[in-house]
file input05.csv (CSV, C-alpha atoms)
chain,number,residue,atom,x,y,z
A,29,GLU,CA,-133.7,81.5,63.2
A,30,VAL,CA,-133.1,81.4,59.4
A,31,LEU,CA,-131.6,78.2,58.0
A,32,ALA,CA,-128.7,78.4,55.5
A,33,GLN,CA,-129.5,76.9,52.0
A,34,ASP,CA,-127.1,74.0,52.6
A,35,GLU,CA,-128.9,73.2,55.8
A,36,ILE,CA,-132.2,73.2,54.0
A,37,ASN,CA,-130.8,71.0,51.3
A,38,ARG,CA,-129.3,68.6,53.9
A,39,MET,CA,-132.8,68.4,55.5
A,40,SER,CA,-134.3,67.4,52.2
A,41,ASP,CA,-132.0,64.4,51.9
A,42,PRO,CA,-134.2,61.3,52.4
A,43,LYS,CA,-131.8,59.7,54.9
A,44,VAL,CA,-131.8,62.9,57.0
A,45,LEU,CA,-135.6,63.1,56.8
A,46,THR,CA,-135.9,59.5,57.9
A,47,LYS,CA,-133.7,60.2,61.0
A,48,LEU,CA,-135.6,63.4,61.8
A,49,GLU,CA,-138.9,61.6,61.4
A,50,ALA,CA,-137.7,58.8,63.7
A,51,ILE,CA,-137.0,61.3,66.5
A,52,GLY,CA,-140.3,63.2,65.9
A,53,ALA,CA,-138.6,66.3,64.7
A,54,LEU,CA,-140.7,66.8,61.6
A,55,THR,CA,-144.1,68.2,61.7
A,56,GLU,CA,-146.8,66.8,59.4
A,57,ILE,CA,-146.6,69.9,57.3
A,58,GLU,CA,-142.9,69.5,56.9
A,59,LYS,CA,-143.3,65.8,56.0
A,60,ILE,CA,-145.9,66.8,53.3
A,61,LYS,CA,-143.6,69.5,51.9
A,62,ALA,CA,-140.6,67.0,51.9
A,63,LEU,CA,-142.7,64.4,50.0
A,64,ILE,CA,-143.7,67.1,47.4
A,65,ARG,CA,-140.1,68.0,46.9
A,66,GLU,CA,-139.3,64.4,46.1
A,67,GLY,CA,-141.8,64.4,43.3
A,68,GLU,CA,-144.0,61.6,42.0
A,69,SER,CA,-142.4,58.1,42.2
A,70,LYS,CA,-143.3,54.4,42.6
A,71,LYS,CA,-144.4,55.2,46.2
A,72,LEU,CA,-145.8,58.8,45.8
A,73,GLU,CA,-148.7,60.1,43.7
A,74,PHE,CA,-150.3,63.6,43.5
A,75,LYS,CA,-153.9,64.3,42.5
A,76,GLU,CA,-155.1,67.8,42.2
A,77,THR,CA,-158.6,67.0,43.4
A,78,LEU,CA,-160.6,64.0,44.5
A,79,SER,CA,-163.6,64.6,42.2
A,80,LEU,CA,-163.8,68.3,41.2
A,81,ASN,CA,-163.2,68.9,37.5
A,82,VAL,CA,-161.4,72.3,37.9
A,83,GLU,CA,-162.3,73.6,34.4
A,84,LYS,CA,-166.0,72.6,34.5
A,85,GLN,CA,-166.5,72.9,38.3
A,86,THR,CA,-168.4,69.6,38.2
A,87,LYS,CA,-168.1,66.4,40.3
A,88,GLU,CA,-166.6,63.7,38.1
A,89,LYS,CA,-166.5,59.9,39.0
A,90,TYR,CA,-163.4,59.3,36.7
A,91,LEU,CA,-161.3,61.5,39.0
A,92,GLU,CA,-162.4,59.5,42.1
A,93,THR,CA,-161.6,56.3,40.2
A,94,SER,CA,-158.2,57.6,39.4
A,95,ALA,CA,-157.4,58.1,43.1
A,96,LEU,CA,-158.8,54.7,44.0
A,97,LYS,CA,-156.8,53.0,41.3
A,98,THR,CA,-153.6,54.5,42.8
A,99,LEU,CA,-154.6,53.2,46.3
A,100,VAL,CA,-155.3,49.7,44.9
A,101,ALA,CA,-151.9,49.8,43.1
A,102,PHE,CA,-150.1,50.8,46.4
A,103,LEU,CA,-151.9,47.9,48.2
A,104,ASN,CA,-150.8,45.4,45.5
A,105,SER,CA,-147.2,46.8,45.3
A,106,ASP,CA,-144.9,48.3,48.0
A,107,GLY,CA,-147.3,50.8,49.6
A,108,GLY,CA,-147.0,54.6,49.2
A,109,ASN,CA,-148.5,58.0,49.7
A,110,LEU,CA,-151.3,59.6,47.8
A,111,LEU,CA,-151.5,63.4,48.2
A,112,VAL,CA,-154.8,64.8,47.0
A,113,GLY,CA,-154.8,68.6,46.7
A,114,VAL,CA,-151.4,68.7,45.0
A,115,SER,CA,-150.9,69.2,41.2
A,116,ASP,CA,-148.7,66.9,39.1
A,117,THR,CA,-146.1,69.6,39.1
A,118,GLY,CA,-146.0,69.7,42.9
A,119,VAL,CA,-148.0,72.8,43.5
A,120,VAL,CA,-150.3,72.7,46.6
A,121,THR,CA,-153.7,73.6,45.2
A,122,GLY,CA,-155.7,72.4,48.1
A,123,LEU,CA,-159.1,70.8,48.4
A,124,ASN,CA,-160.8,73.9,50.0
A,125,LYS,CA,-163.1,74.7,47.0
A,126,GLU,CA,-164.0,71.0,46.5
A,127,ILE,CA,-164.9,70.6,50.2
A,128,GLU,CA,-166.9,73.8,50.2
A,129,LYS,CA,-168.8,72.9,47.0
A,130,PHE,CA,-169.6,69.2,47.6
A,131,ASP,CA,-169.1,68.4,51.3
A,132,SER,CA,-169.5,71.7,53.3
A,133,THR,CA,-167.3,70.3,56.1
A,134,ARG,CA,-164.0,68.5,56.4
A,135,ASP,CA,-165.7,65.7,58.3
A,136,ASN,CA,-168.2,65.2,55.4
A,137,PHE,CA,-165.3,65.1,52.9
A,138,LEU,CA,-163.5,62.4,55.0
A,139,LYS,CA,-166.8,60.4,55.3
A,140,ARG,CA,-167.1,60.6,51.5
A,141,TRP,CA,-163.5,59.3,51.1
A,142,LYS,CA,-164.1,56.5,53.6
A,143,ASN,CA,-167.3,55.5,51.7
A,144,LEU,CA,-165.4,55.4,48.4
A,145,ILE,CA,-162.8,53.1,49.9
A,146,LYS,CA,-165.5,50.9,51.4
A,147,GLU,CA,-167.5,50.7,48.2
A,148,HIS,CA,-164.8,50.3,45.7
A,149,ILE,CA,-161.9,48.6,47.6
A,150,GLY,CA,-163.4,47.0,50.6
A,151,GLU,CA,-163.3,47.0,54.4
A,152,PRO,CA,-160.7,44.2,54.7
A,153,PHE,CA,-158.1,46.8,53.5
A,154,TYR,CA,-158.9,49.4,56.1
A,155,PRO,CA,-156.0,48.4,58.4
A,156,PHE,CA,-153.5,49.2,55.6
A,157,ILE,CA,-154.9,52.7,54.7
A,158,ASP,CA,-154.4,55.7,57.0
A,159,TYR,CA,-155.6,59.1,55.9
A,160,ARG,CA,-156.1,62.6,57.3
A,161,LEU,CA,-156.5,66.2,56.2
A,162,ILE,CA,-153.6,68.5,56.7
A,163,ASP,CA,-153.5,72.3,56.4
A,164,VAL,CA,-150.5,73.3,54.3
A,165,ASP,CA,-150.1,77.1,54.2
A,166,GLY,CA,-153.9,77.5,54.4
A,167,LYS,CA,-154.7,74.9,51.8
A,168,ILE,CA,-156.2,71.5,52.7
A,169,VAL,CA,-154.4,68.4,51.5
A,170,LEU,CA,-155.6,64.8,51.9
A,171,ASN,CA,-152.6,62.7,52.9
A,172,VAL,CA,-153.3,58.9,52.3
A,173,GLU,CA,-150.6,56.6,53.6
A,174,CYS,CA,-151.0,53.1,52.3
A,175,GLN,CA,-149.1,50.0,53.4
A,176,PRO,CA,-148.7,47.0,51.1
A,177,SER,CA,-151.3,44.3,51.6
A,178,PRO,CA,-149.5,41.5,53.3
A,179,LYS,CA,-151.7,38.5,52.5
A,180,PHE,CA,-154.1,39.0,49.6
A,181,GLU,CA,-154.5,40.9,46.4
A,182,CYS,CA,-156.8,43.9,46.1
A,183,TYR,CA,-159.1,44.6,43.2
A,184,LEU,CA,-161.0,47.8,42.3
A,185,ASP,CA,-164.7,47.1,42.2
A,186,LYS,CA,-163.8,43.4,42.8
A,187,LYS,CA,-162.5,43.0,39.2
A,188,TYR,CA,-159.7,45.5,38.2
A,189,PHE,CA,-156.2,44.8,39.3
A,190,TYR,CA,-153.5,47.5,39.4
A,191,VAL,CA,-149.9,47.7,40.4
A,192,ARG,CA,-147.5,50.6,40.9
A,193,THR,CA,-144.6,51.1,38.6
A,194,ASN,CA,-142.2,54.1,38.5
A,195,PRO,CA,-144.2,56.6,38.7
A,196,ALA,CA,-147.4,55.2,37.2
A,197,THR,CA,-150.3,52.9,37.9
A,198,ASP,CA,-150.7,49.9,35.5
A,199,LYS,CA,-153.6,47.6,35.1
A,200,LEU,CA,-152.7,43.9,34.8
A,201,GLU,CA,-154.9,41.3,33.1
A,202,GLY,CA,-154.7,37.6,32.0
A,203,PRO,CA,-151.3,35.8,32.4
A,204,LYS,CA,-149.5,38.9,33.7
A,205,LEU,CA,-152.0,39.2,36.5
A,206,VAL,CA,-151.8,35.5,37.4
A,207,GLU,CA,-148.0,35.6,37.4
A,208,TYR,CA,-147.8,38.8,39.5
A,209,VAL,CA,-150.3,37.5,42.1
A,210,LYS,CA,-148.4,34.2,42.4
A,211,ASN,CA,-145.1,35.9,43.0
A,212,ARG,CA,-146.4,38.8,45.2
A,213,PHE,CA,-148.8,37.1,47.6
A,214,PRO,CA,-148.0,34.0,49.6
A,215,SER,CA,-150.2,31.0,49.1
A,216,PRO,CA,-152.1,29.7,52.1
A,217,ALA,CA,-150.4,26.8,53.8
call {"tool": "encode", "arguments": {"input": "input05.csv", "output": "structure tokens"}}
result
Amino acid sequence: EVLAQDEINRMSDPKVLTKLEAIGALTEIEKIKALIREGESKKLEFKETLSLNVEKQTKEKYLETSALKTLVAFLNSDGGNLLVGVSDTGVVTGLNKEIEKFDSTRDNFLKRWKNLIKEHIGEPFYPFIDYRLIDVDGKIVLNVECQPSPKFECYLDKKYFYVRTNPATDKLEGPKLVEYVKNRFPSPA
């Protein structure tokens, strides 16, 4: 059955998507496509790869750091989704080549991602980060759903503090950092 364009547009409405999601009517692929249509925002970030420099075909730490900064910012702000395997313009590029080149299997890629989180963010934040690989039209996308950290602030490598603004990740230092943490995280009783 072919949907009329106004039906498709109505299904792209965030309120309708939330209702469809609540009744389990959206598949994971449809959810990913709906997120991509929304575009990057305070709660949504796209990364083309996790560590593969597409031009040089080399593994680059700065790309991994960029993804981890976003995760830290989501934890310190209002949460959000990180889609790895999607370009800034919303094109699904997939992680197929990266997985083949560096990990050989999807499981090894997921282990590498988990180890990056463990090493650079920390195990106490595991409960707030959910991730899985999803096939979107034959292309592998890493969908990372992150809840806001409820009790304590998160630092990248135990020293760099990031927050999410619309649609960017900003590093806070000095008085701005202190003020943000005081306002965002409850003090212990």
call {"tool": "closest_residue", "arguments": {"input": "input05.csv", "among": "A:Ile168, A:Thr77, A:Gly113, A:Lys179", "to": "Tyr90 of chain A", "atoms": "all atoms listed in the file"}}
result
A:Thr77
call {"tool": "residues_near_point", "arguments": {"input": "input05.csv", "point": "(-149.6, 65.7, 54.6)", "cutoff": "7 Å", "atoms": "all atoms listed in the file", "output": "ChimeraX atom specification"}}
result
/A:56-57,59-60,162,169-171
call {"tool": "closest_residue", "arguments": {"input": "input05.csv", "among": "A:Leu200, A:Leu80, A:Val206, A:Ala101", "to": "Lys129 of chain A", "atoms": "all atoms listed in the file"}}
result
A:Leu80
call {"tool": "residues_around", "arguments": {"input": "input05.csv", "residues": "Arg192 of chain A", "least_positions_apart": "4", "cutoff": "6 Å", "atoms": "all atoms listed in the file", "output": "VMD selection string"}}
result
chain A and resid 70 101 105 196 to 197
call {"tool": "closest_residue", "arguments": {"input": "input05.csv", "among": "A:Tyr159, A:Glu128, A:Phe137, A:Val164", "to": "Thr55 of chain A", "atoms": "all atoms listed in the file"}}
result
A:Val164
call {"tool": "build_atoms", "arguments": {"input": "input05.csv", "residues": "segment 111-122 of chain A", "atoms": "all heavy atoms", "output": "PDB file, in the frame of the given file"}}
result
ATOM      1  N   LEU A 111    -151.186  62.064  47.738  1.00  0.00           N
ATOM      2  CA  LEU A 111    -151.500  63.400  48.200  1.00  0.00           C
ATOM      3  C   LEU A 111    -152.527  64.011  47.287  1.00  0.00           C
ATOM      4  O   LEU A 111    -152.254  64.252  46.109  1.00  0.00           O
ATOM      5  CB  LEU A 111    -150.226  64.278  48.227  1.00  0.00           C
ATOM      6  CG  LEU A 111    -149.095  63.827  49.158  1.00  0.00           C
ATOM      7  CD1 LEU A 111    -147.900  64.762  49.041  1.00  0.00           C
ATOM      8  CD2 LEU A 111    -149.579  63.771  50.597  1.00  0.00           C
ATOM      9  N   VAL A 112    -153.724  64.240  47.819  1.00  0.00           N
ATOM     10  CA  VAL A 112    -154.800  64.800  47.000  1.00  0.00           C
ATOM     11  C   VAL A 112    -154.918  66.300  47.450  1.00  0.00           C
ATOM     12  O   VAL A 112    -155.059  66.603  48.630  1.00  0.00           O
ATOM     13  CB  VAL A 112    -156.149  64.094  47.262  1.00  0.00           C
ATOM     14  CG1 VAL A 112    -157.219  64.651  46.346  1.00  0.00           C
ATOM     15  CG2 VAL A 112    -155.986  62.590  47.057  1.00  0.00           C
ATOM     16  N   GLY A 113    -154.825  67.164  46.433  1.00  0.00           N
ATOM     17  CA  GLY A 113    -154.800  68.600  46.700  1.00  0.00           C
ATOM     18  C   GLY A 113    -153.414  69.142  46.267  1.00  0.00           C
ATOM     19  O   GLY A 113    -153.024  70.253  46.609  1.00  0.00           O
ATOM     20  N   VAL A 114    -152.677  68.330  45.477  1.00  0.00           N
ATOM     21  CA  VAL A 114    -151.400  68.700  45.000  1.00  0.00           C
ATOM     22  C   VAL A 114    -151.344  68.387  43.472  1.00  0.00           C
ATOM     23  O   VAL A 114    -151.692  67.283  43.063  1.00  0.00           O
ATOM     24  CB  VAL A 114    -150.229  67.898  45.681  1.00  0.00           C
ATOM     25  CG1 VAL A 114    -148.857  68.254  45.111  1.00  0.00           C
ATOM     26  CG2 VAL A 114    -150.262  68.145  47.186  1.00  0.00           C
ATOM     27  N   SER A 115    -150.948  69.361  42.666  1.00  0.00           N
ATOM     28  CA  SER A 115    -150.900  69.200  41.200  1.00  0.00           C
ATOM     29  C   SER A 115    -149.750  68.256  40.817  1.00  0.00           C
ATOM     30  O   SER A 115    -148.826  68.053  41.606  1.00  0.00           O
ATOM     31  CB  SER A 115    -150.799  70.500  40.486  1.00  0.00           C
ATOM     32  OG  SER A 115    -149.477  70.997  40.616  1.00  0.00           O
ATOM     33  N   ASP A 116    -149.787  67.743  39.585  1.00  0.00           N
ATOM     34  CA  ASP A 116    -148.700  66.900  39.100  1.00  0.00           C
ATOM     35  C   ASP A 116    -147.348  67.571  39.135  1.00  0.00           C
ATOM     36  O   ASP A 116    -146.323  66.909  39.220  1.00  0.00           O
ATOM     37  CB  ASP A 116    -148.987  66.440  37.641  1.00  0.00           C
ATOM     38  CG  ASP A 116    -150.042  65.352  37.579  1.00  0.00           C
ATOM     39  OD1 ASP A 116    -150.298  64.704  38.613  1.00  0.00           O
ATOM     40  OD2 ASP A 116    -150.616  65.153  36.492  1.00  0.00           O
ATOM     41  N   THR A 117    -147.349  68.901  39.083  1.00  0.00           N
ATOM     42  CA  THR A 117    -146.100  69.600  39.100  1.00  0.00           C
ATOM     43  C   THR A 117    -145.635  69.947  40.547  1.00  0.00           C
ATOM     44  O   THR A 117    -144.623  70.610  40.746  1.00  0.00           O
ATOM     45  CB  THR A 117    -146.214  70.962  38.320  1.00  0.00           C
ATOM     46  OG1 THR A 117    -147.291  71.731  38.871  1.00  0.00           O
ATOM     47  CG2 THR A 117    -146.457  70.695  36.839  1.00  0.00           C
ATOM     48  N   GLY A 118    -146.393  69.476  41.544  1.00  0.00           N
ATOM     49  CA  GLY A 118    -146.000  69.700  42.900  1.00  0.00           C
ATOM     50  C   GLY A 118    -146.482  70.951  43.568  1.00  0.00           C
ATOM     51  O   GLY A 118    -146.015  71.347  44.628  1.00  0.00           O
ATOM     52  N   VAL A 119    -147.457  71.606  42.954  1.00  0.00           N
ATOM     53  CA  VAL A 119    -148.000  72.800  43.500  1.00  0.00           C
ATOM     54  C   VAL A 119    -149.190  72.424  44.433  1.00  0.00           C
ATOM     55  O   VAL A 119    -150.072  71.660  44.029  1.00  0.00           O
ATOM     56  CB  VAL A 119    -148.530  73.780  42.407  1.00  0.00           C
ATOM     57  CG1 VAL A 119    -149.251  74.985  42.997  1.00  0.00           C
ATOM     58  CG2 VAL A 119    -147.381  74.222  41.525  1.00  0.00           C
ATOM     59  N   VAL A 120    -149.175  72.938  45.661  1.00  0.00           N
ATOM     60  CA  VAL A 120    -150.300  72.700  46.600  1.00  0.00           C
ATOM     61  C   VAL A 120    -151.463  73.522  46.181  1.00  0.00           C
ATOM     62  O   VAL A 120    -151.447  74.734  46.347  1.00  0.00           O
ATOM     63  CB  VAL A 120    -149.862  72.937  48.053  1.00  0.00           C
ATOM     64  CG1 VAL A 120    -151.037  72.683  48.992  1.00  0.00           C
ATOM     65  CG2 VAL A 120    -148.671  72.078  48.452  1.00  0.00           C
ATOM     66  N   THR A 121    -152.461  72.874  45.605  1.00  0.00           N
ATOM     67  CA  THR A 121    -153.700  73.600  45.200  1.00  0.00           C
ATOM     68  C   THR A 121    -154.752  73.551  46.226  1.00  0.00           C
ATOM     69  O   THR A 121    -155.582  74.442  46.292  1.00  0.00           O
ATOM     70  CB  THR A 121    -154.213  72.933  43.857  1.00  0.00           C
ATOM     71  OG1 THR A 121    -154.389  71.538  44.093  1.00  0.00           O
ATOM     72  CG2 THR A 121    -153.252  73.133  42.700  1.00  0.00           C
ATOM     73  N   GLY A 122    -154.744  72.517  47.039  1.00  0.00           N
ATOM     74  CA  GLY A 122    -155.700  72.400  48.100  1.00  0.00           C
ATOM     75  C   GLY A 122    -157.059  71.886  47.692  1.00  0.00           C
ATOM     76  O   GLY A 122    -157.409  71.925  46.516  1.00  0.00           O
TER      77      GLY A 122
END
